[in-house]
>>> print(open('structure.pdb').read())   # PDB, N, CA and C atoms
ATOM      1  N   MET N   1     -22.408 -15.298  -8.252
ATOM      2  CA  MET N   1     -23.162 -14.410  -7.388
ATOM      3  C   MET N   1     -23.185 -13.010  -7.994
ATOM      4  N   ILE N   2     -24.334 -12.416  -8.023
ATOM      5  CA  ILE N   2     -24.516 -11.073  -8.572
ATOM      6  C   ILE N   2     -24.069 -10.042  -7.537
ATOM      7  N   PRO N   3     -23.285  -9.031  -7.958
ATOM      8  CA  PRO N   3     -22.867  -8.017  -6.989
ATOM      9  C   PRO N   3     -24.053  -7.188  -6.530
ATOM     10  N   PRO N   4     -23.989  -6.693  -5.312
ATOM     11  CA  PRO N   4     -25.065  -5.832  -4.821
ATOM     12  C   PRO N   4     -25.182  -4.589  -5.697
ATOM     13  N   GLY N   5     -26.375  -4.067  -5.791
ATOM     14  CA  GLY N   5     -26.588  -2.879  -6.607
ATOM     15  C   GLY N   5     -26.254  -1.609  -5.859
ATOM     16  N   GLY N   6     -25.463  -0.765  -6.474
ATOM     17  CA  GLY N   6     -25.162   0.543  -5.909
ATOM     18  C   GLY N   6     -24.129   0.519  -4.807
ATOM     19  N   ALA N   7     -23.701   1.711  -4.445
ATOM     20  CA  ALA N   7     -22.682   1.885  -3.418
ATOM     21  C   ALA N   7     -23.300   1.840  -2.026
ATOM     22  N   VAL N   8     -22.504   1.358  -1.081
ATOM     23  CA  VAL N   8     -22.924   1.297   0.315
ATOM     24  C   VAL N   8     -21.893   2.039   1.162
ATOM     25  N   ALA N   9     -22.294   2.408   2.359
ATOM     26  CA  ALA N   9     -21.408   3.136   3.262
ATOM     27  C   ALA N   9     -20.306   2.223   3.785
ATOM     28  N   GLY N  10     -19.128   2.771   3.933
ATOM     29  CA  GLY N  10     -17.993   2.073   4.527
ATOM     30  C   GLY N  10     -17.091   3.087   5.205
ATOM     31  N   GLN N  11     -16.063   2.593   5.851
ATOM     32  CA  GLN N  11     -15.069   3.464   6.472
ATOM     33  C   GLN N  11     -13.687   3.057   5.981
ATOM     34  N   TYR N  12     -12.869   4.062   5.724
ATOM     35  CA  TYR N  12     -11.509   3.847   5.246
ATOM     36  C   TYR N  12     -10.549   4.487   6.241
ATOM     37  N   PHE N  13      -9.515   3.748   6.588
ATOM     38  CA  PHE N  13      -8.449   4.229   7.455
ATOM     39  C   PHE N  13      -7.164   4.138   6.648
ATOM     40  N   ASP N  14      -6.438   5.243   6.503
ATOM     41  CA  ASP N  14      -5.277   5.250   5.612
ATOM     42  C   ASP N  14      -4.042   4.564   6.188
ATOM     43  N   GLY N  15      -4.031   4.258   7.478
ATOM     44  CA  GLY N  15      -2.893   3.597   8.090
ATOM     45  C   GLY N  15      -1.751   4.528   8.437
ATOM     46  N   GLN N  16      -1.880   5.780   8.066
ATOM     47  CA  GLN N  16      -0.842   6.775   8.353
ATOM     48  C   GLN N  16      -1.256   7.720   9.476
ATOM     49  N   THR N  17      -2.563   7.936   9.584
ATOM     50  CA  THR N  17      -3.097   8.828  10.613
ATOM     51  C   THR N  17      -4.209   8.088  11.351
ATOM     52  N   ALA N  18      -4.735   8.690  12.374
ATOM     53  CA  ALA N  18      -5.841   8.086  13.124
ATOM     54  C   ALA N  18      -7.199   8.462  12.527
ATOM     55  N   ALA N  19      -7.186   9.173  11.422
ATOM     56  CA  ALA N  19      -8.429   9.661  10.830
ATOM     57  C   ALA N  19      -9.234   8.524  10.201
ATOM     58  N   ARG N  20     -10.549   8.628  10.356
ATOM     59  CA  ARG N  20     -11.483   7.712   9.697
ATOM     60  C   ARG N  20     -12.198   8.501   8.610
ATOM     61  N   TYR N  21     -12.277   7.906   7.425
ATOM     62  CA  TYR N  21     -12.926   8.561   6.297
ATOM     63  C   TYR N  21     -14.168   7.766   5.918
ATOM     64  N   ASP N  22     -15.289   8.447   5.833
ATOM     65  CA  ASP N  22     -16.504   7.798   5.354
ATOM     66  C   ASP N  22     -16.414   7.710   3.834
ATOM     67  N   VAL N  23     -16.653   6.518   3.308
ATOM     68  CA  VAL N  23     -16.546   6.280   1.870
ATOM     69  C   VAL N  23     -17.779   5.536   1.380
ATOM     70  N   GLN N  24     -17.957   5.538   0.083
ATOM     71  CA  GLN N  24     -18.976   4.743  -0.593
ATOM     72  C   GLN N  24     -18.252   3.603  -1.292
ATOM     73  N   VAL N  25     -18.707   2.371  -1.048
ATOM     74  CA  VAL N  25     -18.026   1.178  -1.539
ATOM     75  C   VAL N  25     -18.965   0.403  -2.460
ATOM     76  N   GLN N  26     -18.404  -0.134  -3.536
ATOM     77  CA  GLN N  26     -19.180  -0.978  -4.450
ATOM     78  C   GLN N  26     -18.221  -1.853  -5.250
ATOM     79  N   ALA N  27     -18.773  -2.829  -5.937
ATOM     80  CA  ALA N  27     -17.971  -3.645  -6.846
ATOM     81  C   ALA N  27     -17.463  -2.745  -7.969
ATOM     82  N   SER N  28     -16.230  -2.980  -8.404
ATOM     83  CA  SER N  28     -15.698  -2.206  -9.519
ATOM     84  C   SER N  28     -16.475  -2.559 -10.787
ATOM     85  N   PRO N  29     -16.456  -1.685 -11.798
ATOM     86  CA  PRO N  29     -17.225  -1.960 -13.018
ATOM     87  C   PRO N  29     -16.881  -3.298 -13.684
ATOM     88  N   ASP N  30     -15.627  -3.733 -13.571
ATOM     89  CA  ASP N  30     -15.241  -5.010 -14.180
ATOM     90  C   ASP N  30     -15.458  -6.206 -13.240
ATOM     91  N   LEU N  31     -15.998  -5.949 -12.045
ATOM     92  CA  LEU N  31     -16.294  -6.966 -11.023
ATOM     93  C   LEU N  31     -15.047  -7.689 -10.525
ATOM     94  N   GLN N  32     -13.878  -7.065 -10.685
ATOM     95  CA  GLN N  32     -12.625  -7.679 -10.247
ATOM     96  C   GLN N  32     -12.049  -7.010  -8.996
ATOM     97  N   GLY N  33     -12.803  -6.078  -8.412
ATOM     98  CA  GLY N  33     -12.291  -5.386  -7.234
ATOM     99  C   GLY N  33     -13.376  -4.661  -6.472
ATOM    100  N   LEU N  34     -12.961  -4.055  -5.378
ATOM    101  CA  LEU N  34     -13.830  -3.165  -4.606
ATOM    102  C   LEU N  34     -13.404  -1.742  -4.902
ATOM    103  N   MET N  35     -14.354  -0.927  -5.285
ATOM    104  CA  MET N  35     -14.092   0.471  -5.586
ATOM    105  C   MET N  35     -14.695   1.307  -4.472
ATOM    106  N   PHE N  36     -13.923   2.294  -3.989
ATOM    107  CA  PHE N  36     -14.461   3.165  -2.956
ATOM    108  C   PHE N  36     -13.961   4.583  -3.166
ATOM    109  N   GLU N  37     -14.796   5.519  -2.739
ATOM    110  CA  GLU N  37     -14.425   6.927  -2.833
ATOM    111  C   GLU N  37     -15.082   7.712  -1.718
ATOM    112  N   GLY N  38     -14.405   8.769  -1.316
ATOM    113  CA  GLY N  38     -14.895   9.635  -0.254
ATOM    114  C   GLY N  38     -15.326  10.968  -0.802
ATOM    115  N   ASP N  39     -15.367  11.941   0.073
ATOM    116  CA  ASP N  39     -15.814  13.279  -0.301
ATOM    117  C   ASP N  39     -14.925  13.939  -1.345
ATOM    118  N   GLY N  40     -13.644  13.562  -1.370
ATOM    119  CA  GLY N  40     -12.711  14.168  -2.311
ATOM    120  C   GLY N  40     -12.956  13.758  -3.743
ATOM    121  N   GLY N  41     -13.713  12.686  -3.965
ATOM    122  CA  GLY N  41     -14.046  12.260  -5.310
ATOM    123  C   GLY N  41     -13.022  11.355  -5.963
ATOM    124  N   GLN N  42     -11.874  11.128  -5.321
ATOM    125  CA  GLN N  42     -10.844  10.252  -5.875
ATOM    126  C   GLN N  42     -11.185   8.803  -5.560
ATOM    127  N   ALA N  43     -11.479   8.010  -6.588
ATOM    128  CA  ALA N  43     -11.845   6.607  -6.390
ATOM    129  C   ALA N  43     -10.596   5.735  -6.308
ATOM    130  N   SER N  44     -10.645   4.743  -5.446
ATOM    131  CA  SER N  44      -9.603   3.735  -5.335
ATOM    132  C   SER N  44     -10.225   2.376  -5.615
ATOM    133  N   VAL N  45      -9.437   1.478  -6.178
ATOM    134  CA  VAL N  45      -9.902   0.116  -6.425
ATOM    135  C   VAL N  45      -8.900  -0.844  -5.810
ATOM    136  N   TRP N  46      -9.404  -1.746  -4.987
ATOM    137  CA  TRP N  46      -8.588  -2.815  -4.432
ATOM    138  C   TRP N  46      -8.981  -4.101  -5.150
ATOM    139  N   PRO N  47      -8.041  -4.725  -5.879
ATOM    140  CA  PRO N  47      -8.350  -5.963  -6.593
ATOM    141  C   PRO N  47      -8.761  -7.080  -5.625
ATOM    142  N   LEU N  48      -9.739  -7.868  -6.012
ATOM    143  CA  LEU N  48     -10.224  -8.953  -5.157
ATOM    144  C   LEU N  48      -9.117  -9.943  -4.807
ATOM    145  N   GLU N  49      -8.205 -10.228  -5.740
ATOM    146  CA  GLU N  49      -7.170 -11.216  -5.446
ATOM    147  C   GLU N  49      -6.139 -10.716  -4.436
ATOM    148  N   LEU N  50      -6.120  -9.406  -4.173
ATOM    149  CA  LEU N  50      -5.179  -8.858  -3.186
ATOM    150  C   LEU N  50      -5.826  -8.572  -1.834
ATOM    151  N   LEU N  51      -7.141  -8.747  -1.733
ATOM    152  CA  LEU N  51      -7.822  -8.475  -0.463
ATOM    153  C   LEU N  51      -7.471  -9.524   0.574
ATOM    154  N   ARG N  52      -7.240  -9.053   1.802
ATOM    155  CA  ARG N  52      -7.011  -9.938   2.936
ATOM    156  C   ARG N  52      -7.894  -9.494   4.092
ATOM    157  N   LEU N  53      -8.410 -10.463   4.809
ATOM    158  CA  LEU N  53      -9.267 -10.226   5.958
ATOM    159  C   LEU N  53      -8.406 -10.023   7.194
ATOM    160  N   LEU N  54      -8.749  -9.048   7.992
ATOM    161  CA  LEU N  54      -8.108  -8.863   9.289
ATOM    162  C   LEU N  54      -9.061  -9.451  10.323
ATOM    163  N   PRO N  55      -8.942 -10.751  10.621
ATOM    164  CA  PRO N  55      -9.941 -11.450  11.434
ATOM    165  C   PRO N  55     -10.076 -10.943  12.857
ATOM    166  N   ASP N  56      -9.005 -10.443  13.444
ATOM    167  CA  ASP N  56      -9.107  -9.977  14.820
ATOM    168  C   ASP N  56      -9.948  -8.710  14.949
ATOM    169  N   ASN N  57     -10.293  -8.100  13.824
ATOM    170  CA  ASN N  57     -11.100  -6.881  13.845
ATOM    171  C   ASN N  57     -12.530  -7.112  13.364
ATOM    172  N   ASN N  58     -12.919  -8.357  13.155
ATOM    173  CA  ASN N  58     -14.233  -8.635  12.589
ATOM    174  C   ASN N  58     -15.167  -9.230  13.629
ATOM    175  N   ASP N  59     -16.379  -8.722  13.656
ATOM    176  CA  ASP N  59     -17.365  -9.144  14.648
ATOM    177  C   ASP N  59     -18.488  -9.985  14.044
ATOM    178  N   GLY N  60     -18.345 -10.398  12.805
ATOM    179  CA  GLY N  60     -19.384 -11.165  12.136
ATOM    180  C   GLY N  60     -20.395 -10.292  11.420
ATOM    181  N   LYS N  61     -20.485  -9.031  11.791
ATOM    182  CA  LYS N  61     -21.419  -8.108  11.151
ATOM    183  C   LYS N  61     -20.693  -7.140  10.229
ATOM    184  N   SER N  62     -19.372  -7.236  10.191
ATOM    185  CA  SER N  62     -18.578  -6.364   9.339
ATOM    186  C   SER N  62     -17.364  -7.127   8.835
ATOM    187  N   LEU N  63     -16.742  -6.587   7.812
ATOM    188  CA  LEU N  63     -15.462  -7.093   7.323
ATOM    189  C   LEU N  63     -14.462  -5.962   7.400
ATOM    190  N   THR N  64     -13.300  -6.245   7.961
ATOM    191  CA  THR N  64     -12.200  -5.294   7.940
ATOM    192  C   THR N  64     -11.166  -5.875   6.987
ATOM    193  N   LEU N  65     -10.917  -5.144   5.926
ATOM    194  CA  LEU N  65     -10.067  -5.628   4.842
ATOM    195  C   LEU N  65      -8.802  -4.799   4.726
ATOM    196  N   THR N  66      -7.770  -5.432   4.250
ATOM    197  CA  THR N  66      -6.555  -4.749   3.848
ATOM    198  C   THR N  66      -6.190  -5.304   2.481
ATOM    199  N   VAL N  67      -5.157  -4.762   1.894
ATOM    200  CA  VAL N  67      -4.744  -5.209   0.566
ATOM    201  C   VAL N  67      -3.253  -5.527   0.608
ATOM    202  N   MET N  68      -2.871  -6.598  -0.066
ATOM    203  CA  MET N  68      -1.461  -6.959  -0.134
ATOM    204  C   MET N  68      -0.709  -5.869  -0.882
ATOM    205  N   ALA N  69       0.510  -5.627  -0.443
ATOM    206  CA  ALA N  69       1.331  -4.586  -1.061
ATOM    207  C   ALA N  69       2.656  -5.187  -1.490
ATOM    208  N   ALA N  70       3.225  -4.665  -2.539
ATOM    209  CA  ALA N  70       4.543  -5.100  -2.992
ATOM    210  C   ALA N  70       5.577  -4.431  -2.095
ATOM    211  N   THR N  71       6.125  -5.215  -1.168
ATOM    212  CA  THR N  71       7.075  -4.658  -0.221
ATOM    213  C   THR N  71       8.055  -5.737   0.212
ATOM    214  N   GLU N  72       9.177  -5.335   0.734
ATOM    215  CA  GLU N  72      10.174  -6.257   1.274
ATOM    216  C   GLU N  72       9.898  -6.572   2.736
ATOM    217  N   ASP N  73       8.923  -5.909   3.320
ATOM    218  CA  ASP N  73       8.590  -6.065   4.723
ATOM    219  C   ASP N  73       8.111  -7.480   5.023
ATOM    220  N   GLU N  74       8.305  -7.932   6.239
ATOM    221  CA  GLU N  74       7.861  -9.279   6.617
ATOM    222  C   GLU N  74       6.341  -9.405   6.650
ATOM    223  N   THR N  75       5.636  -8.310   6.783
ATOM    224  CA  THR N  75       4.177  -8.308   6.728
ATOM    225  C   THR N  75       3.779  -7.567   5.463
ATOM    226  N   PRO N  76       3.638  -8.283   4.356
ATOM    227  CA  PRO N  76       3.423  -7.615   3.068
ATOM    228  C   PRO N  76       1.988  -7.167   2.834
ATOM    229  N   ARG N  77       1.532  -6.257   3.674
ATOM    230  CA  ARG N  77       0.206  -5.704   3.457
ATOM    231  C   ARG N  77       0.261  -4.207   3.661
ATOM    232  N   ASP N  78      -0.628  -3.563   3.006
ATOM    233  CA  ASP N  78      -0.767  -2.124   3.134
ATOM    234  C   ASP N  78      -1.332  -1.833   4.520
ATOM    235  N   PRO N  79      -0.896  -0.778   5.202
ATOM    236  CA  PRO N  79      -1.450  -0.474   6.525
ATOM    237  C   PRO N  79      -2.879   0.075   6.484
ATOM    238  N   ALA N  80      -3.351   0.429   5.303
ATOM    239  CA  ALA N  80      -4.715   0.958   5.179
ATOM    240  C   ALA N  80      -5.735  -0.150   5.422
ATOM    241  N   ARG N  81      -6.920   0.255   5.893
ATOM    242  CA  ARG N  81      -8.005  -0.693   6.155
ATOM    243  C   ARG N  81      -9.300  -0.141   5.571
ATOM    244  N   LEU N  82     -10.152  -1.050   5.164
ATOM    245  CA  LEU N  82     -11.474  -0.720   4.651
ATOM    246  C   LEU N  82     -12.478  -1.567   5.421
ATOM    247  N   VAL N  83     -13.468  -0.925   6.018
ATOM    248  CA  VAL N  83     -14.479  -1.629   6.797
ATOM    249  C   VAL N  83     -15.808  -1.519   6.061
ATOM    250  N   ILE N  84     -16.435  -2.675   5.828
ATOM    251  CA  ILE N  84     -17.766  -2.698   5.226
ATOM    252  C   ILE N  84     -18.712  -3.440   6.160
ATOM    253  N   ARG N  85     -19.967  -2.996   6.187
ATOM    254  CA  ARG N  85     -20.970  -3.590   7.067
ATOM    255  C   ARG N  85     -22.228  -4.059   6.329
ATOM    256  N   ASP N  86     -22.299  -3.801   5.053
ATOM    257  CA  ASP N  86     -23.466  -4.195   4.283
ATOM    258  C   ASP N  86     -23.458  -5.713   4.065
ATOM    259  N   PRO N  87     -24.495  -6.433   4.541
ATOM    260  CA  PRO N  87     -24.496  -7.902   4.435
ATOM    261  C   PRO N  87     -24.379  -8.428   3.005
ATOM    262  N   GLU N  88     -25.015  -7.770   2.043
ATOM    263  CA  GLU N  88     -24.943  -8.235   0.655
ATOM    264  C   GLU N  88     -23.539  -8.069   0.083
ATOM    265  N   LEU N  89     -22.913  -6.929   0.361
ATOM    266  CA  LEU N  89     -21.554  -6.708  -0.144
ATOM    267  C   LEU N  89     -20.570  -7.644   0.563
ATOM    268  N   ILE N  90     -20.759  -7.878   1.849
ATOM    269  CA  ILE N  90     -19.910  -8.822   2.579
ATOM    270  C   ILE N  90     -20.006 -10.211   1.947
ATOM    271  N   ALA N  91     -21.216 -10.669   1.673
ATOM    272  CA  ALA N  91     -21.406 -11.991   1.059
ATOM    273  C   ALA N  91     -20.741 -12.049  -0.312
ATOM    274  N   TRP N  92     -20.861 -10.990  -1.090
ATOM    275  CA  TRP N  92     -20.254 -10.949  -2.421
ATOM    276  C   TRP N  92     -18.735 -11.021  -2.319
ATOM    277  N   VAL N  93     -18.147 -10.246  -1.414
ATOM    278  CA  VAL N  93     -16.691 -10.263  -1.243
ATOM    279  C   VAL N  93     -16.227 -11.642  -0.796
ATOM    280  N   ARG N  94     -16.912 -12.224   0.174
ATOM    281  CA  ARG N  94     -16.536 -13.564   0.665
ATOM    282  C   ARG N  94     -16.588 -14.614  -0.466
ATOM    283  N   ALA N  95     -17.543 -14.467  -1.366
ATOM    284  CA  ALA N  95     -17.692 -15.426  -2.464
ATOM    285  C   ALA N  95     -16.675 -15.195  -3.579
ATOM    286  N   ARG N  96     -16.219 -13.963  -3.758
ATOM    287  CA  ARG N  96     -15.390 -13.625  -4.918
ATOM    288  C   ARG N  96     -13.899 -13.439  -4.629
ATOM    289  N   ALA N  97     -13.533 -13.099  -3.408
ATOM    290  CA  ALA N  97     -12.119 -12.830  -3.096
ATOM    291  C   ALA N  97     -11.403 -14.154  -2.809
ATOM    292  N   PRO N  98     -10.549 -14.611  -3.711
ATOM    293  CA  PRO N  98      -9.983 -15.956  -3.590
ATOM    294  C   PRO N  98      -9.016 -16.173  -2.435
ATOM    295  N   TYR N  99      -8.344 -15.131  -1.984
ATOM    296  CA  TYR N  99      -7.328 -15.285  -0.940
ATOM    297  C   TYR N  99      -7.652 -14.478   0.304
ATOM    298  N   LEU N 100      -8.920 -14.306   0.576
ATOM    299  CA  LEU N 100      -9.366 -13.468   1.682
ATOM    300  C   LEU N 100      -8.752 -13.906   3.009
ATOM    301  N   ARG N 101      -8.674 -15.187   3.243
ATOM    302  CA  ARG N 101      -8.120 -15.707   4.516
ATOM    303  C   ARG N 101      -6.704 -16.186   4.327
TER     304      ARG N 101
END
>>> encode(input="structure.pdb", output="structure tokens")
Amino acid sequence: MIPPGGAVAGQYFDGQTAARYDVQVQASPDLQGLMFEGDGGQASVWPLELLRLLPDNNDGKSLTLTVMAATEDETPRDPARLVIRDPELIAWVRARAPYLR
């Protein structure tokens, strides 16, 4: 599946505060992750193999994603969340992220 062209709007929640950050999301240049950046210009990449779906937060029109984290905690995921609503990017992530569920 070909990745969607260009960045699309998304929302990022850092898991530390209640703040929502508007970000631009797209496939990483190597097609192995999701790259997103906000107004600050600092890009982050979440590898596709570490993406996990938060199903209780999904309405079928969006994906709420988190990323696995190296931790000793019983819930080994980062508290941060990334929400995408673009249908093409959602389809691409669903097709490419091997451990989404």
>>> atom_distance(input="structure.pdb", atom1="CA of Leu48 in chain N", atom2="CA of Lys61 in chain N")
19.8 Å
>>> select_by_dssp(input="structure.pdb", residues="chain N", states="helix (DSSP H, G or I)", output="MDAnalysis selection string")
chainID N and resid 48:50 55:57 87:96
>>> write_last_selection(input="structure.pdb", atoms="N, CA and C atoms", output="PDB file, in the frame of the given file")
ATOM      1  N   LEU N  48      -9.739  -7.868  -6.012  1.00  0.00           N
ATOM      2  CA  LEU N  48     -10.224  -8.953  -5.157  1.00  0.00           C
ATOM      3  C   LEU N  48      -9.117  -9.943  -4.807  1.00  0.00           C
ATOM      4  N   GLU N  49      -8.205 -10.228  -5.740  1.00  0.00           N
ATOM      5  CA  GLU N  49      -7.170 -11.216  -5.446  1.00  0.00           C
ATOM      6  C   GLU N  49      -6.139 -10.716  -4.436  1.00  0.00           C
ATOM      7  N   LEU N  50      -6.120  -9.406  -4.173  1.00  0.00           N
ATOM      8  CA  LEU N  50      -5.179  -8.858  -3.186  1.00  0.00           C
ATOM      9  C   LEU N  50      -5.826  -8.572  -1.834  1.00  0.00           C
ATOM     10  N   PRO N  55      -8.942 -10.751  10.621  1.00  0.00           N
ATOM     11  CA  PRO N  55      -9.941 -11.450  11.434  1.00  0.00           C
ATOM     12  C   PRO N  55     -10.076 -10.943  12.857  1.00  0.00           C
ATOM     13  N   ASP N  56      -9.005 -10.443  13.444  1.00  0.00           N
ATOM     14  CA  ASP N  56      -9.107  -9.977  14.820  1.00  0.00           C
ATOM     15  C   ASP N  56      -9.948  -8.710  14.949  1.00  0.00           C
ATOM     16  N   ASN N  57     -10.293  -8.100  13.824  1.00  0.00           N
ATOM     17  CA  ASN N  57     -11.100  -6.881  13.845  1.00  0.00           C
ATOM     18  C   ASN N  57     -12.530  -7.112  13.364  1.00  0.00           C
ATOM     19  N   PRO N  87     -24.495  -6.433   4.541  1.00  0.00           N
ATOM     20  CA  PRO N  87     -24.496  -7.902   4.435  1.00  0.00           C
ATOM     21  C   PRO N  87     -24.379  -8.428   3.005  1.00  0.00           C
ATOM     22  N   GLU N  88     -25.015  -7.770   2.043  1.00  0.00           N
ATOM     23  CA  GLU N  88     -24.943  -8.235   0.655  1.00  0.00           C
ATOM     24  C   GLU N  88     -23.539  -8.069   0.083  1.00  0.00           C
ATOM     25  N   LEU N  89     -22.913  -6.929   0.361  1.00  0.00           N
ATOM     26  CA  LEU N  89     -21.554  -6.708  -0.144  1.00  0.00           C
ATOM     27  C   LEU N  89     -20.570  -7.644   0.563  1.00  0.00           C
ATOM     28  N   ILE N  90     -20.759  -7.878   1.849  1.00  0.00           N
ATOM     29  CA  ILE N  90     -19.910  -8.822   2.579  1.00  0.00           C
ATOM     30  C   ILE N  90     -20.006 -10.211   1.947  1.00  0.00           C
ATOM     31  N   ALA N  91     -21.216 -10.669   1.673  1.00  0.00           N
ATOM     32  CA  ALA N  91     -21.406 -11.991   1.059  1.00  0.00           C
ATOM     33  C   ALA N  91     -20.741 -12.049  -0.312  1.00  0.00           C
ATOM     34  N   TRP N  92     -20.861 -10.990  -1.090  1.00  0.00           N
ATOM     35  CA  TRP N  92     -20.254 -10.949  -2.421  1.00  0.00           C
ATOM     36  C   TRP N  92     -18.735 -11.021  -2.319  1.00  0.00           C
ATOM     37  N   VAL N  93     -18.147 -10.246  -1.414  1.00  0.00           N
ATOM     38  CA  VAL N  93     -16.691 -10.263  -1.243  1.00  0.00           C
ATOM     39  C   VAL N  93     -16.227 -11.642  -0.796  1.00  0.00           C
ATOM     40  N   ARG N  94     -16.912 -12.224   0.174  1.00  0.00           N
ATOM     41  CA  ARG N  94     -16.536 -13.564   0.665  1.00  0.00           C
ATOM     42  C   ARG N  94     -16.588 -14.614  -0.466  1.00  0.00           C
ATOM     43  N   ALA N  95     -17.543 -14.467  -1.366  1.00  0.00           N
ATOM     44  CA  ALA N  95     -17.692 -15.426  -2.464  1.00  0.00           C
ATOM     45  C   ALA N  95     -16.675 -15.195  -3.579  1.00  0.00           C
ATOM     46  N   ARG N  96     -16.219 -13.963  -3.758  1.00  0.00           N
ATOM     47  CA  ARG N  96     -15.390 -13.625  -4.918  1.00  0.00           C
ATOM     48  C   ARG N  96     -13.899 -13.439  -4.629  1.00  0.00           C
TER      49      ARG N  96
END
>>> residues_around(input="structure.pdb", residues="Pro87 in chain N", least_positions_apart="5", cutoff="10 Å", atoms="only C-alpha atoms", output="list in words")
Pro4, Gly60, Lys61, Ser62, Leu63, Trp92 and Val93 of chain N
>>> write_last_selection(input="structure.pdb", atoms="N, CA and C atoms", output="mmCIF file, keeping the file's coordinate frame")
data_model
loop_
_atom_site.group_PDB
_atom_site.id
_atom_site.type_symbol
_atom_site.label_atom_id
_atom_site.label_comp_id
_atom_site.auth_asym_id
_atom_site.auth_seq_id
_atom_site.Cartn_x
_atom_site.Cartn_y
_atom_site.Cartn_z
ATOM 1 N N PRO N 4 -23.989 -6.693 -5.312
ATOM 2 C CA PRO N 4 -25.065 -5.832 -4.821
ATOM 3 C C PRO N 4 -25.182 -4.589 -5.697
ATOM 4 N N GLY N 60 -18.345 -10.398 12.805
ATOM 5 C CA GLY N 60 -19.384 -11.165 12.136
ATOM 6 C C GLY N 60 -20.395 -10.292 11.420
ATOM 7 N N LYS N 61 -20.485 -9.031 11.791
ATOM 8 C CA LYS N 61 -21.419 -8.108 11.151
ATOM 9 C C LYS N 61 -20.693 -7.140 10.229
ATOM 10 N N SER N 62 -19.372 -7.236 10.191
ATOM 11 C CA SER N 62 -18.578 -6.364 9.339
ATOM 12 C C SER N 62 -17.364 -7.127 8.835
ATOM 13 N N LEU N 63 -16.742 -6.587 7.812
ATOM 14 C CA LEU N 63 -15.462 -7.093 7.323
ATOM 15 C C LEU N 63 -14.462 -5.962 7.400
ATOM 16 N N TRP N 92 -20.861 -10.990 -1.090
ATOM 17 C CA TRP N 92 -20.254 -10.949 -2.421
ATOM 18 C C TRP N 92 -18.735 -11.021 -2.319
ATOM 19 N N VAL N 93 -18.147 -10.246 -1.414
ATOM 20 C CA VAL N 93 -16.691 -10.263 -1.243
ATOM 21 C C VAL N 93 -16.227 -11.642 -0.796
#
>>> atom_distance(input="structure.pdb", atom1="atom C of Val45 in chain N", atom2="atom N of Thr17 in chain N")
18.8 Å
>>> atom_distance(input="structure.pdb", atom1="atom C of Pro79 in chain N", atom2="CA of Ala95 in chain N")
23.2 Å
>>> residues_around(input="structure.pdb", residues="Pro47 in chain N", least_positions_apart="5", cutoff="6.5 Å", atoms="all atoms listed in the file", output="list in words")
Gln32, Gly33 and Leu34 of chain N
>>> closest_residue(input="structure.pdb", among="N:Leu65, N:Asp78, N:Glu88, N:Glu49", to="Gln16 in chain N", atoms="only C-alpha atoms")
N:Asp78
>>> closest_residue(input="structure.pdb", among="N:Leu100, N:Val25, N:Leu31, N:Ala69", to="Ser44 in chain N", atoms="only C-alpha atoms")
N:Val25
>>> residues_near_point(input="structure.pdb", point="(-16.3, 5.7, 5.7)", cutoff="12 Å", atoms="only C-alpha atoms", output="number ranges by chain")
N: 7-14, 19-25, 36-39, 64, 81-85
>>> resolve_selection(input="structure.pdb", expression="the PyMOL selection byres (((chain N and resi 99 and name CA) around 10) and name CA)", output="MDAnalysis selection string")
chainID N and resid 48:53 94 96:98 100:101
>>> select_by_dssp(input="structure.pdb", residues="chain N", states="strand (DSSP E)", output="NGL selection string")
:N and (8-13 or 20-27 or 33-37 or 43-47 or 51-53 or 63-67 or 81-84)
>>> axis_aligned_box(input="structure.pdb", around="range 88-98 of chain N", padding_each_side="3 Å", output="JSON")
{"center_x": -17.0, "center_y": -11.4, "center_z": -1.2, "size_x": 22.0, "size_y": 15.5, "size_z": 13.5}
